[in-house]
Amino acid sequence: TIVFYIISLYLLNNYYEFDNAIFKVIFIGLASLTFPHILLEYFLEKHEK
């Protein structure tokens with residue numbers, strides 16, 4: 001995870017200022033963790049019915 005964070009930060013730093021790159025990496029990272037969790041909860045709830 002840390003390796004992907006550093007790689008993403010390096011790549012985004014080429015296009016954005018460092019502060020904005022950090023915010024974008026954090027936001028993308030949180031979204032990539034949250035979305036599959038929401039889908040899993042949805043499918044588990046749908047399966048119970």
# chains A, B, ... in the order shown; residues from 1 in each chain; ligands from 1
$ residues_around --residues "stretch 26-42 of chain A" --least-positions-apart "3" --cutoff "12 Å" --atoms "only C-alpha atoms" --output "JSON, numbers by chain"
{"A": [1, 2, 4, 5, 6, 8, 9, 12, 19, 20, 21, 22, 23, 45, 46, 47, 48, 49]}
$ decode --residues "stretch 22-45 of chain A" --atoms "N, CA and C atoms" --output "CSV table (one decimal), in the first residue's frame"
chain,number,residue,atom,x,y,z
A,22,ILE,N,-1.0,15.3,-2.7
A,22,ILE,CA,-1.2,14.6,-1.5
A,22,ILE,C,-2.7,14.4,-1.3
A,23,PHE,N,-3.5,15.5,-1.4
A,23,PHE,CA,-5.0,15.5,-1.3
A,23,PHE,C,-5.6,14.5,-2.3
A,24,LYS,N,-5.1,14.6,-3.5
A,24,LYS,CA,-5.7,13.7,-4.5
A,24,LYS,C,-5.4,12.2,-4.2
A,25,VAL,N,-4.2,11.9,-3.8
A,25,VAL,CA,-3.8,10.5,-3.5
A,25,VAL,C,-4.7,10.0,-2.3
A,26,ILE,N,-4.8,10.8,-1.3
A,26,ILE,CA,-5.6,10.4,-0.1
A,26,ILE,C,-7.1,10.2,-0.6
A,27,PHE,N,-7.7,11.1,-1.3
A,27,PHE,CA,-9.0,11.0,-1.7
A,27,PHE,C,-9.2,9.7,-2.6
A,28,ILE,N,-8.4,9.5,-3.6
A,28,ILE,CA,-8.5,8.4,-4.5
A,28,ILE,C,-8.3,7.1,-3.6
A,29,GLY,N,-7.4,7.1,-2.7
A,29,GLY,CA,-7.1,5.9,-1.9
A,29,GLY,C,-8.3,5.6,-1.0
A,30,LEU,N,-8.9,6.6,-0.4
A,30,LEU,CA,-10.1,6.3,0.4
A,30,LEU,C,-11.3,5.9,-0.4
A,31,ALA,N,-11.5,6.4,-1.6
A,31,ALA,CA,-12.5,6.0,-2.5
A,31,ALA,C,-12.3,4.6,-3.0
A,32,SER,N,-11.1,4.2,-3.2
A,32,SER,CA,-10.8,2.8,-3.7
A,32,SER,C,-11.0,1.8,-2.6
A,33,LEU,N,-11.0,2.2,-1.3
A,33,LEU,CA,-11.3,1.3,-0.3
A,33,LEU,C,-12.8,1.3,0.1
A,34,THR,N,-13.4,2.4,-0.1
A,34,THR,CA,-14.8,2.5,0.3
A,34,THR,C,-15.8,1.9,-0.7
A,35,PHE,N,-15.5,2.1,-2.0
A,35,PHE,CA,-16.5,1.6,-3.0
A,35,PHE,C,-16.6,0.1,-3.0
A,36,PRO,N,-15.6,-0.7,-2.9
A,36,PRO,CA,-15.8,-2.2,-2.9
A,36,PRO,C,-16.5,-2.6,-1.6
A,37,HIS,N,-16.3,-1.9,-0.5
A,37,HIS,CA,-16.9,-2.2,0.8
A,37,HIS,C,-18.4,-2.0,0.6
A,38,ILE,N,-18.8,-0.9,0.0
A,38,ILE,CA,-20.2,-0.6,-0.2
A,38,ILE,C,-20.9,-1.6,-1.1
A,39,LEU,N,-20.2,-2.0,-2.2
A,39,LEU,CA,-20.7,-3.1,-3.1
A,39,LEU,C,-20.8,-4.4,-2.3
A,40,LEU,N,-19.9,-4.8,-1.5
A,40,LEU,CA,-20.0,-6.0,-0.7
A,40,LEU,C,-21.2,-6.0,0.2
A,41,GLU,N,-21.4,-4.9,0.9
A,41,GLU,CA,-22.5,-4.8,1.8
A,41,GLU,C,-23.8,-4.9,1.0
A,42,TYR,N,-23.9,-4.2,-0.2
A,42,TYR,CA,-25.1,-4.3,-1.0
A,42,TYR,C,-25.4,-5.7,-1.4
A,43,PHE,N,-24.4,-6.4,-1.9
A,43,PHE,CA,-24.6,-7.8,-2.4
A,43,PHE,C,-24.9,-8.8,-1.3
A,44,LEU,N,-24.3,-8.6,-0.1
A,44,LEU,CA,-24.7,-9.4,1.0
A,44,LEU,C,-26.1,-9.2,1.5
A,45,GLU,N,-26.5,-7.9,1.5
A,45,GLU,CA,-27.9,-7.6,1.9
A,45,GLU,C,-28.9,-8.1,0.9
